[in-house]
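Single-structure report; data block below.
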Amino acid sequence: MPIHHGFDSYYGIPAGEDEGDFVLGDQPTKDSVGPDQLARRYTQEALKFIAANKERRFFMYIAHRDPHLPNSPAADFAGRSAGGSYGDTIEALDATVGDLMKGR
């Protein structure tokens with residue numbers, strides 16, 4: 001687990017692609033989302049961390065599952081790009097990065 005290798009915090013799916021296997025720190029959670037919501041869920045957790053630590057410097061590493069296959073773009077991005085489901089997934093992922101940059 002990352003927290004056993006120098007990271008102060010961890011949220012994610014440690015192995016595989018089971019969206020019902022989230023871990024916070026090194027403890028399992030009851031979180032579960034569909035593959036189309038993974039980027040949003042990671043972003044929500046990252047924004048919580050940013051808000052809680054805004055008074056100090058920190059390093060944040062976010063390793064999204066997207067855009068690895070199979071692509072599952074969020075419904076509001078499906079059919080939005082000329083690049084098919086891959087392009088839609090990239091646009092959805094890009095939107096979450098924008099949310100992080102704006103802090104919302």
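If you're wondering about the labels, chains in the structure tokens are A, B, ... by order shown, residues count from 1 in each chain, ligands from 1 in order shown.
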**Request:** Compile the contact shell of range 88-90 of chain A as a ChimeraX atom specification: residues with an atom at most 7 Å away, counting only C-alpha atoms, same-chain residues fewer than 5 positions apart removed.
**Result:** /A:67,71-73,77-81,83
Restricting it to C-alpha atoms, dump the selection as a short mmCIF file (atom, residue, chain, number, x, y, z; two decimals), in the first residue's frame.
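Contents of result.cif, freshly written:
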data_model
loop_
_atom_site.label_atom_id
_atom_site.label_comp_id
_atom_site.auth_asym_id
_atom_site.auth_seq_id
_atom_site.Cartn_x
_atom_site.Cartn_y
_atom_site.Cartn_z
CA PRO A 67 -8.13 6.06 -20.23
CA ASN A 71 -13.39 2.91 -22.02
CA SER A 72 -16.50 3.89 -20.12
CA PRO A 73 -17.08 7.63 -20.54
CA PHE A 77 -19.54 12.99 -22.18
CA ALA A 78 -20.72 10.01 -24.27
CA GLY A 79 -20.84 10.89 -27.96
CA ARG A 80 -19.21 14.26 -27.39
CA SER A 81 -15.95 13.79 -29.27
CA GLY A 83 -12.69 10.08 -31.13
#
**Request:** Write out as a ChimeraX atom specification all residues of chain A that backbone DSSP assigns to helix (DSSP H, G or I).
**Result:** /A:2-4,35-52,75-77,84-102
**Request:** Determine which residues of chain A receive a DSSP assignment of strand (DSSP E), computed from the backbone, and state them as JSON, numbers by chain.
**Result:** {"A": [11, 12, 23, 24, 27, 28]}
Take the residues from that selection and put them in a file with N, CA, C and O atoms, as a PDB file, in the first residue's frame.
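Everything below was put into part-v2.pdb:
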ATOM      1  N   TYR A  11      -6.074   6.929  -1.589  1.00  0.00           N
ATOM      2  CA  TYR A  11      -7.452   6.557  -1.886  1.00  0.00           C
ATOM      3  C   TYR A  11      -7.448   5.968  -3.275  1.00  0.00           C
ATOM      4  O   TYR A  11      -6.943   6.577  -4.218  1.00  0.00           O
ATOM      5  N   GLY A  12      -7.982   4.790  -3.424  1.00  0.00           N
ATOM      6  CA  GLY A  12      -8.036   4.201  -4.748  1.00  0.00           C
ATOM      7  C   GLY A  12      -8.345   2.727  -4.716  1.00  0.00           C
ATOM      8  O   GLY A  12      -8.771   2.170  -3.702  1.00  0.00           O
ATOM      9  N   VAL A  23      -9.962   1.613  -1.291  1.00  0.00           N
ATOM     10  CA  VAL A  23      -9.213   1.606  -0.039  1.00  0.00           C
ATOM     11  C   VAL A  23      -8.901   3.059   0.310  1.00  0.00           C
ATOM     12  O   VAL A  23      -8.532   3.857  -0.559  1.00  0.00           O
ATOM     13  N   LEU A  24      -9.056   3.407   1.579  1.00  0.00           N
ATOM     14  CA  LEU A  24      -8.657   4.706   2.093  1.00  0.00           C
ATOM     15  C   LEU A  24      -7.572   4.437   3.127  1.00  0.00           C
ATOM     16  O   LEU A  24      -7.811   3.715   4.100  1.00  0.00           O
ATOM     17  N   GLN A  27      -7.233   0.777   4.599  1.00  0.00           N
ATOM     18  CA  GLN A  27      -8.461   0.117   5.034  1.00  0.00           C
ATOM     19  C   GLN A  27      -9.512   0.115   3.925  1.00  0.00           C
ATOM     20  O   GLN A  27      -9.718   1.137   3.264  1.00  0.00           O
ATOM     21  N   PRO A  28     -10.183  -1.007   3.730  1.00  0.00           N
ATOM     22  CA  PRO A  28     -11.254  -1.050   2.735  1.00  0.00           C
ATOM     23  C   PRO A  28     -12.372  -0.065   3.094  1.00  0.00           C
ATOM     24  O   PRO A  28     -12.608   0.221   4.269  1.00  0.00           O
TER      25      PRO A  28
END
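Non-sequential neighbours of Leu100 in chain A (distance at most 8 Å, separation of 2 or more positions within a chain, only C-alpha atoms) are Thr43, Ala46, Leu47, Thr96, Val97, Gly98, Lys102, Gly103 and Arg104 of chain A.
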Restricting the output to N, CA, C and O atoms, write the selected residues as a compact mmCIF listing (two decimals), in the first residue's frame.
# COMPACT_ATOMS: atom_id res chain seq x y z
N THR A 43 -11.43 12.54 -8.23
CA THR A 43 -11.38 14.00 -8.16
C THR A 43 -12.05 14.50 -6.89
O THR A 43 -11.51 15.39 -6.22
N ALA A 46 -9.70 13.89 -4.07
CA ALA A 46 -8.55 14.79 -4.17
C ALA A 46 -8.94 16.20 -3.72
O ALA A 46 -8.17 16.86 -3.01
N LEU A 47 -10.12 16.67 -4.10
CA LEU A 47 -10.57 17.99 -3.68
C LEU A 47 -10.76 18.07 -2.17
O LEU A 47 -10.45 19.10 -1.56
N THR A 96 -12.22 16.57 -15.33
CA THR A 96 -11.90 16.40 -13.91
C THR A 96 -10.59 17.10 -13.55
O THR A 96 -10.47 17.65 -12.45
N VAL A 97 -9.64 17.11 -14.46
CA VAL A 97 -8.39 17.84 -14.22
C VAL A 97 -8.71 19.34 -14.12
O VAL A 97 -8.17 20.04 -13.25
N GLY A 98 -9.60 19.83 -14.96
CA GLY A 98 -10.04 21.23 -14.88
C GLY A 98 -10.66 21.53 -13.53
O GLY A 98 -10.42 22.59 -12.95
N LYS A 102 -9.33 24.27 -10.81
CA LYS A 102 -10.22 25.33 -10.32
C LYS A 102 -10.52 25.17 -8.83
O LYS A 102 -11.05 26.09 -8.22
N GLY A 103 -10.25 23.99 -8.30
CA GLY A 103 -10.53 23.73 -6.89
C GLY A 103 -12.01 23.58 -6.60
O GLY A 103 -12.51 23.93 -5.55
N ARG A 104 -12.74 22.99 -7.54
CA ARG A 104 -14.17 22.77 -7.31
C ARG A 104 -14.58 21.36 -7.61
O ARG A 104 -13.96 20.58 -8.17
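CA of Lys54 in chain A to CA of Met101 in chain A spans 13.3 Å [interatomic distance, one decimal].
Atom to atom, CA of Asp8 in chain A and CA of Tyr42 in chain A stand 16.3 Å apart.
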**Straight-line distance linking CA of Pro14 in chain A with CA of Leu38 in chain A, stated in Å to one decimal** =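 Computing it gives 13.3 Å between the two atoms.
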**Request:** Write out as an MDAnalysis selection string which residues come within 9 Å of Met1 in chain A when counting only C-alpha atoms, dropping same-chain ones fewer than 5 positions away.
**Result:** chainID A and resid 10 14 25:26
What does the file look like for those residues with all heavy atoms, as a PDB file, in the first residue's frame?
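Listing of out-v7.pdb after writing:
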ATOM      1  N   TYR A  10      -3.796   7.812   0.958  1.00  0.00           N
ATOM      2  CA  TYR A  10      -4.072   7.020  -0.253  1.00  0.00           C
ATOM      3  C   TYR A  10      -5.561   6.789  -0.369  1.00  0.00           C
ATOM      4  O   TYR A  10      -6.237   6.502   0.620  1.00  0.00           O
ATOM      5  CB  TYR A  10      -3.356   5.661  -0.212  1.00  0.00           C
ATOM      6  CG  TYR A  10      -3.771   4.748  -1.346  1.00  0.00           C
ATOM      7  CD1 TYR A  10      -3.309   4.970  -2.630  1.00  0.00           C
ATOM      8  CD2 TYR A  10      -4.654   3.700  -1.133  1.00  0.00           C
ATOM      9  CE1 TYR A  10      -3.703   4.158  -3.689  1.00  0.00           C
ATOM     10  CE2 TYR A  10      -5.050   2.878  -2.183  1.00  0.00           C
ATOM     11  CZ  TYR A  10      -4.571   3.112  -3.458  1.00  0.00           C
ATOM     12  OH  TYR A  10      -4.977   2.318  -4.497  1.00  0.00           O
ATOM     13  N   PRO A  14      -6.487  -0.636  -5.144  1.00  0.00           N
ATOM     14  CA  PRO A  14      -5.090  -1.066  -5.117  1.00  0.00           C
ATOM     15  C   PRO A  14      -4.689  -2.087  -6.170  1.00  0.00           C
ATOM     16  O   PRO A  14      -3.540  -2.147  -6.563  1.00  0.00           O
ATOM     17  CB  PRO A  14      -4.920  -1.638  -3.719  1.00  0.00           C
ATOM     18  CG  PRO A  14      -6.277  -1.992  -3.271  1.00  0.00           C
ATOM     19  CD  PRO A  14      -7.216  -1.058  -3.971  1.00  0.00           C
ATOM     20  N   GLY A  25      -6.380   4.989   2.892  1.00  0.00           N
ATOM     21  CA  GLY A  25      -5.242   4.644   3.738  1.00  0.00           C
ATOM     22  C   GLY A  25      -4.835   3.222   3.411  1.00  0.00           C
ATOM     23  O   GLY A  25      -4.371   2.933   2.322  1.00  0.00           O
ATOM     24  N   ASP A  26      -5.070   2.301   4.335  1.00  0.00           N
ATOM     25  CA  ASP A  26      -4.880   0.884   4.022  1.00  0.00           C
ATOM     26  C   ASP A  26      -6.102   0.066   4.455  1.00  0.00           C
ATOM     27  O   ASP A  26      -6.014  -1.139   4.616  1.00  0.00           O
ATOM     28  CB  ASP A  26      -3.586   0.342   4.633  1.00  0.00           C
ATOM     29  CG  ASP A  26      -3.558   0.410   6.153  1.00  0.00           C
ATOM     30  OD1 ASP A  26      -4.528   0.893   6.759  1.00  0.00           O
ATOM     31  OD2 ASP A  26      -2.550  -0.026   6.736  1.00  0.00           O
TER      32      ASP A  26
END
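Considering only C-alpha atoms, the residue among A:His5, A:Tyr86, A:Ala74, A:Ala95 positioned nearest to Gly34 in chain A is A:Ala74.
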